[in-house]
Amino acid sequence: MSDPLSDEQLPDDRFAARIQAEVMAAAEERRREDPKLARIEREIERAWADVAPPGAVGPTEELLLDRVDRLALVDVDAPIGTKPGVKQVKGAIRKGIYWYLRYMSDQLNAFHNVQARLLRRFDDRLSRLESVIGVDSAVDDLVYPAPTAGASSGRRLADAVGSGRVLVLAAGAGAALTELDNAYGVERDPQVALAGIDAGLDLRVGDPLEHLCGLEAGTIGAVLIGGALQRVSPAAAIALVASAAVACGPGGIVAVAVEDRSRRADAAAELLGDRGLAPTTWGAILGGVAASTESVKVDDDGLEALVVARLS
Amino acid sequence: MTTPITFVTPRYGTEVLGGAEAGARQLATRLAADGRDVAVITTRALSMRTWADHYPAGTTTEDGVSVTRCSVDGPRAGDFGAQSDALLPRAAEATSAECERWIDAQGPTSSELVEAVSAVADGVLVFYPYLYHPTVAGHRAAQVPTILYPAAHAEAPLDLPVFDEVFGETDGIAYHTRAEQELVHRRFPSTVSSVQAMVGLPVEMGQTPDPEGARAALGLGDEPFALCLGRVDPGKGVHDLVERFDRHVGLGGAGRLIVAGAVDGAAPSGRGVTCIGPIPEKHKSGLLAAADVLINPSFYESFSIVILEAWLAGTPVLVNGWCGPMVEHVTQSGGGLFYTGVADFDLALERLLGDAELRTRMADAGGEYVRRRYAWPSVRTRFDGLIDAVS
């Protein structure tokens, strides 16, 4: 492993990414210290959701539900103030429209209101369902962060990888990267990532899954899955492995740094239930896309094994 | 013999403001300067609000390009805004009749233009951008292979089913950025297998920037400033930027913001903000060079020529992080920063305004990126490859 690069040695795009990560980490700090700021940002996001096309606001369902709430009201108070005409006549038209349409708009508003409430009920039920089956990682992030791939995992993977570029997903502070020559990581939390970025590692702040799905097929030599991603449900794990396999292409490697669930503290064990999969289960999932799989012991904190699969 | 190329665009001319139209003109004039057979079919309109005939009808030669301007059938429909408000929130479910009515209402409708397009019997037709009547009707009338420069961004009209026909039937697609390509692939999955290329646009600095001259001519004094340059329009995010800057100054933030460009409606105002209106073209590069940082707050860009021009003028940029193409430029070049919230806007601005070394490095990185990717020879090679593939 080579020494971290200084600012001057870093390529321009990585230097800018480091500055961006510092800005994002400091911004996150400000948000946590100042709830008012978080509220203002939320207002701005709401304003964006109001003008954005469907889907462009990303996974901000709450914002879209707010939009539904506001659009549910049909207003029959005609906005004719800017139209040309005598004031008294316009006033009469306005009142006429109001009188004529009020009966219908009341029914429509009642109907929309029920629909909006129903949507919220569905959203609540869906959230609870996701929580039960383990799609929602909020508990992990808030109470018990998932262990990330460390130096031991990095060394083990380095043994298996050839010259291809390695992507570490949910890389934390990038400990695994220190043992890999041609590698970069993606971490969602800017404050966690900052330590690695400051140490000169090629660590990017962003959504690991979005990053993985944005890669062109066959452009990566190996993908190492770690952190909260290895706590996903079995269905999500299968989809995750499939995406990683596409990014790697034939001959590539997909590896998973698997948490040792027996070492969870009591509170974490209770909160997380049986969330997460055993190395053998990961091996079975990886076996669906790989020519061979192997589970090796690692010494990283909180990890049980590294499951490595070479794609067919 | 090279393939004749005919651009079809709603408006064309040096006075026309608008990224897509400016892009089409740049491509056409650069190709013509290289000795290519280039024509343009367009309308006589200057204003996209009214489509009123402005330029004389007929064919003229402008910078080596044969430009045919056709009269419009009528102005933009008076109820276009109301139609949009009613239709666009449910754009994906719009019926064919509703789509046709909306496209007609938006305009510019010109039966002369459609006839001229159908009369093109040789070469390739290049439609630019996807959104307007000439592209929808022109694709149906085309007798030769077509290329679409969508200039698409995440906006509600993209969901209208009428555009499935346009994107599905075109012979080739030229994108400005990878982010635009991803957006189109998500919206029109069948385009994944279309002939396509990430072509972009030529961006070069026409004149040596004169920052002192621009400061003097525009009365900007010697103080440093952040710049927002372009149409001053809520849809471009300028009012949002002014609010952010006002708040930034209110909390003790340093600096001032100069907003330059044609104002649509009331000019926004805020603490530390000066709106100077439209500026002469000759001072554009100087103004960009004089600024400490260029801010582009727009949500809707498929390319953003202005941030690339800022880099060539030696100025780093701060861009709206909700806009994929601009984030792509910034992250790939290292030429600036992006923001999505309030806290990161303040911090990124403070960082850029407070560190001259950082600004220089980022501006240099951005300039290198533009010269590498968007110098004319690179763009021409990619564009020619696409022309060859469809013709």
# chains A, B, ... in the order shown; residues from 1 in each chain; ligands from 1
>>> interface_residues(of="chain B", to="chain A", cutoff="7 Å", atoms="only C-alpha atoms", output="number ranges by chain")
B: 154-156, 331-334, 336-337, 341-344, 347-348, 365
>>> select_by_dssp(residues="region 157-259 of chain A", states="strand (DSSP E)", output="VMD selection string")
chain A and resid 166 to 169 183 to 187 203 to 205 222 to 225 253 to 259
>>> residues_around(residues="region 280-292 of chain A", least_positions_apart="6", cutoff="6 Å", atoms="only C-alpha atoms", output="PDB file with N, CA and C atoms, in the first residue's frame")
ATOM      1  N   ALA A 309     -16.233 -14.297  -3.807  1.00  0.00           N
ATOM      2  CA  ALA A 309     -16.740 -15.091  -4.936  1.00  0.00           C
ATOM      3  C   ALA A 309     -16.099 -14.625  -6.233  1.00  0.00           C
ATOM      4  N   ARG A 310     -15.610 -15.572  -7.014  1.00  0.00           N
ATOM      5  CA  ARG A 310     -15.063 -15.232  -8.339  1.00  0.00           C
ATOM      6  C   ARG A 310     -16.146 -15.534  -9.368  1.00  0.00           C
ATOM      7  N   LEU A 311     -16.471 -14.538 -10.166  1.00  0.00           N
ATOM      8  CA  LEU A 311     -17.604 -14.671 -11.077  1.00  0.00           C
ATOM      9  C   LEU A 311     -17.294 -15.570 -12.259  1.00  0.00           C
ATOM     10  N   SER A 312     -18.336 -16.245 -12.684  1.00  0.00           N
ATOM     11  CA  SER A 312     -18.135 -17.152 -13.821  1.00  0.00           C
ATOM     12  C   SER A 312     -18.271 -16.353 -15.121  1.00  0.00           C
TER      13      SER A 312
END
>>> residues_around(residues="region 195-201 of chain B", least_positions_apart="6", cutoff="6 Å", atoms="only C-alpha atoms", output="tab-separated table (two decimals) with C-alpha atoms, in the first residue's frame")
chain	number	residue	atom	x	y	z
B	172	GLY	CA	-29.52	8.73	-33.45
B	173	ILE	CA	-29.30	10.64	-30.18
B	174	ALA	CA	-26.60	13.15	-29.24
B	175	TYR	CA	-26.26	13.88	-25.53
B	176	HIS	CA	-24.68	16.77	-23.72
B	379	VAL	CA	-16.72	17.51	-30.31
B	382	ARG	CA	-17.85	12.60	-31.78
B	383	PHE	CA	-20.47	14.41	-33.85
>>> atom_distance(atom1="CA of Leu160 (chain B)", atom2="CA of Pro10 (chain B)")
19.3 Å
>>> atom_distance(atom1="CA of Ala175 (chain A)", atom2="CA of Ser152 (chain A)")
8.8 Å
>>> select_by_dssp(residues="region 173-274 of chain A", states="alpha helix (DSSP H)", output="VMD selection string")
chain A and resid 190 to 198 208 to 214 234 to 248 266 to 272
>>> residues_around(residues="region 274-279 of chain A", least_positions_apart="6", cutoff="8 Å", atoms="only C-alpha atoms", output="PyMOL selection string")
chain A and resi 134+230-234+258-259+261+295+304-307
>>> closest_residue(among="B:Arg186, B:His133, B:Arg140, B:Arg90", to="Glu169 (chain B)", atoms="only C-alpha atoms")
B:Arg140
>>> residues_around(residues="Pro134 (chain B)", least_positions_apart="2", cutoff="8 Å", atoms="only C-alpha atoms", output="ChimeraX atom specification")
/B:8-10,107-110,113-114,132,136-138
>>> atom_distance(atom1="CA of Ala235 (chain A)", atom2="CA of Val256 (chain A)")
15.6 Å
>>> residues_around(residues="Ser118 (chain B)", least_positions_apart="2", cutoff="8 Å", atoms="only C-alpha atoms", output="ChimeraX atom specification")
/B:114-116,120-121,138,141-143
>>> write_last_selection(atoms="N, CA and C atoms", output="PDB file, in the first residue's frame")
ATOM      1  N   VAL B 114     -42.576  22.698 -41.376  1.00  0.00           N
ATOM      2  CA  VAL B 114     -42.754  21.249 -41.538  1.00  0.00           C
ATOM      3  C   VAL B 114     -42.600  20.867 -43.016  1.00  0.00           C
ATOM      4  N   GLU B 115     -43.136  21.712 -43.899  1.00  0.00           N
ATOM      5  CA  GLU B 115     -42.972  21.452 -45.344  1.00  0.00           C
ATOM      6  C   GLU B 115     -41.502  21.493 -45.735  1.00  0.00           C
ATOM      7  N   ALA B 116     -40.799  22.477 -45.201  1.00  0.00           N
ATOM      8  CA  ALA B 116     -39.372  22.606 -45.522  1.00  0.00           C
ATOM      9  C   ALA B 116     -38.594  21.389 -45.040  1.00  0.00           C
ATOM     10  N   VAL B 120     -36.423  18.193 -47.369  1.00  0.00           N
ATOM     11  CA  VAL B 120     -34.987  17.863 -47.292  1.00  0.00           C
ATOM     12  C   VAL B 120     -34.808  16.429 -47.796  1.00  0.00           C
ATOM     13  N   ALA B 121     -34.056  16.288 -48.893  1.00  0.00           N
ATOM     14  CA  ALA B 121     -33.979  14.978 -49.539  1.00  0.00           C
ATOM     15  C   ALA B 121     -32.601  14.342 -49.426  1.00  0.00           C
ATOM     16  N   GLY B 138     -41.590  17.717 -37.060  1.00  0.00           N
ATOM     17  CA  GLY B 138     -40.511  17.517 -38.032  1.00  0.00           C
ATOM     18  C   GLY B 138     -40.090  16.067 -38.136  1.00  0.00           C
ATOM     19  N   ALA B 141     -42.346  14.303 -40.373  1.00  0.00           N
ATOM     20  CA  ALA B 141     -42.276  14.702 -41.786  1.00  0.00           C
ATOM     21  C   ALA B 141     -40.943  14.318 -42.435  1.00  0.00           C
ATOM     22  N   ALA B 142     -39.970  13.926 -41.620  1.00  0.00           N
ATOM     23  CA  ALA B 142     -38.608  13.737 -42.152  1.00  0.00           C
ATOM     24  C   ALA B 142     -38.542  12.621 -43.195  1.00  0.00           C
ATOM     25  N   GLN B 143     -37.797  12.886 -44.279  1.00  0.00           N
ATOM     26  CA  GLN B 143     -37.597  11.892 -45.344  1.00  0.00           C
ATOM     27  C   GLN B 143     -36.174  11.343 -45.328  1.00  0.00           C
TER      28      GLN B 143
END
>>> closest_residue(among="A:Gly91, A:Asp106, A:Glu294, A:Arg39", to="Ala72 (chain A)", atoms="only C-alpha atoms")
A:Asp106
>>> decode(residues="region 149-239 of chain A", atoms="C-alpha atoms", output="compact mmCIF listing (two decimals), in the first residue's frame")
# COMPACT_ATOMS: atom_id res chain seq x y z
CA ALA A 149 -14.56 -3.80 6.19
CA GLY A 150 -11.18 -3.16 7.79
CA ALA A 151 -7.53 -3.70 7.01
CA SER A 152 -7.75 -7.45 7.49
CA SER A 153 -10.57 -7.69 4.93
CA GLY A 154 -8.60 -5.46 2.58
CA ARG A 155 -5.52 -7.70 2.84
CA ARG A 156 -7.57 -10.84 2.20
CA LEU A 157 -9.20 -9.28 -0.81
CA ALA A 158 -5.88 -8.00 -2.14
CA ASP A 159 -4.67 -11.60 -2.22
CA ALA A 160 -7.56 -12.57 -4.47
CA VAL A 161 -7.75 -9.53 -6.75
CA GLY A 162 -5.56 -9.11 -9.77
CA SER A 163 -4.94 -5.75 -11.36
CA GLY A 164 -8.59 -4.65 -11.61
CA ARG A 165 -9.95 -1.65 -9.77
CA VAL A 166 -11.68 -2.41 -6.46
CA LEU A 167 -14.80 -0.64 -5.21
CA VAL A 168 -15.56 -0.77 -1.49
CA LEU A 169 -19.23 -0.06 -0.77
CA ALA A 170 -20.26 1.42 2.60
CA ALA A 171 -16.55 1.85 3.20
CA GLY A 172 -16.71 3.74 6.51
CA ALA A 173 -13.44 5.59 7.04
CA GLY A 174 -11.82 3.46 4.37
CA ALA A 175 -9.71 1.09 6.50
CA ALA A 176 -9.94 -1.64 3.83
CA LEU A 177 -8.63 0.79 1.20
CA THR A 178 -5.31 1.11 2.98
CA GLU A 179 -4.49 -2.46 1.96
CA LEU A 180 -5.59 -2.22 -1.66
CA ASP A 181 -3.49 -0.66 -4.39
CA ASN A 182 -6.07 0.34 -6.98
CA ALA A 183 -9.22 0.96 -4.99
CA TYR A 184 -11.78 3.54 -3.98
CA GLY A 185 -14.66 3.57 -1.57
CA VAL A 186 -18.12 5.10 -1.26
CA GLU A 187 -19.56 6.03 2.11
CA ARG A 188 -22.90 7.67 2.81
CA ASP A 189 -22.00 9.52 6.03
CA PRO A 190 -19.69 12.48 5.29
CA GLN A 191 -18.50 12.71 8.87
CA VAL A 192 -17.42 9.07 8.91
CA ALA A 193 -15.78 9.37 5.51
CA LEU A 194 -13.89 12.54 6.32
CA ALA A 195 -11.20 10.82 8.41
CA GLY A 196 -10.30 8.60 5.46
CA ILE A 197 -10.47 11.44 2.97
CA ASP A 198 -8.17 13.54 5.13
CA ALA A 199 -5.78 10.59 5.23
CA GLY A 200 -5.59 10.81 1.44
CA LEU A 201 -7.74 7.80 0.60
CA ASP A 202 -9.90 7.81 -2.51
CA LEU A 203 -13.13 7.83 -0.57
CA ARG A 204 -16.26 9.44 -1.97
CA VAL A 205 -19.32 10.64 -0.14
CA GLY A 206 -22.55 9.41 -1.66
CA ASP A 207 -25.14 6.68 -1.75
CA PRO A 208 -23.27 3.37 -2.26
CA LEU A 209 -26.19 1.67 -4.01
CA GLU A 210 -26.77 4.60 -6.35
CA HIS A 211 -23.07 4.59 -7.16
CA LEU A 212 -23.06 0.86 -7.85
CA CYS A 213 -26.11 1.04 -10.09
CA GLY A 214 -24.60 3.95 -12.01
CA LEU A 215 -21.50 1.97 -13.04
CA GLU A 216 -21.27 0.64 -16.55
CA ALA A 217 -21.17 -3.14 -16.89
CA GLY A 218 -17.76 -4.75 -16.57
CA THR A 219 -15.89 -1.63 -15.52
CA ILE A 220 -14.76 -2.77 -12.05
CA GLY A 221 -12.45 -5.62 -11.10
CA ALA A 222 -13.95 -6.31 -7.68
CA VAL A 223 -16.69 -5.05 -5.39
CA LEU A 224 -16.42 -5.36 -1.62
CA ILE A 225 -19.76 -5.06 0.16
CA GLY A 226 -19.65 -4.05 3.81
CA GLY A 227 -21.20 -1.89 6.50
CA ALA A 228 -24.98 -1.55 6.63
CA LEU A 229 -25.29 -3.15 3.20
CA GLN A 230 -24.61 -6.62 4.59
CA ARG A 231 -27.58 -6.26 6.92
CA VAL A 232 -30.14 -6.07 4.13
CA SER A 233 -32.94 -8.59 3.68
CA PRO A 234 -32.30 -11.79 1.66
CA ALA A 235 -34.23 -10.42 -1.34
CA ALA A 236 -32.27 -7.17 -1.26
CA ALA A 237 -29.03 -9.13 -0.85
CA ILE A 238 -29.72 -11.11 -4.02
CA ALA A 239 -30.41 -7.90 -5.95
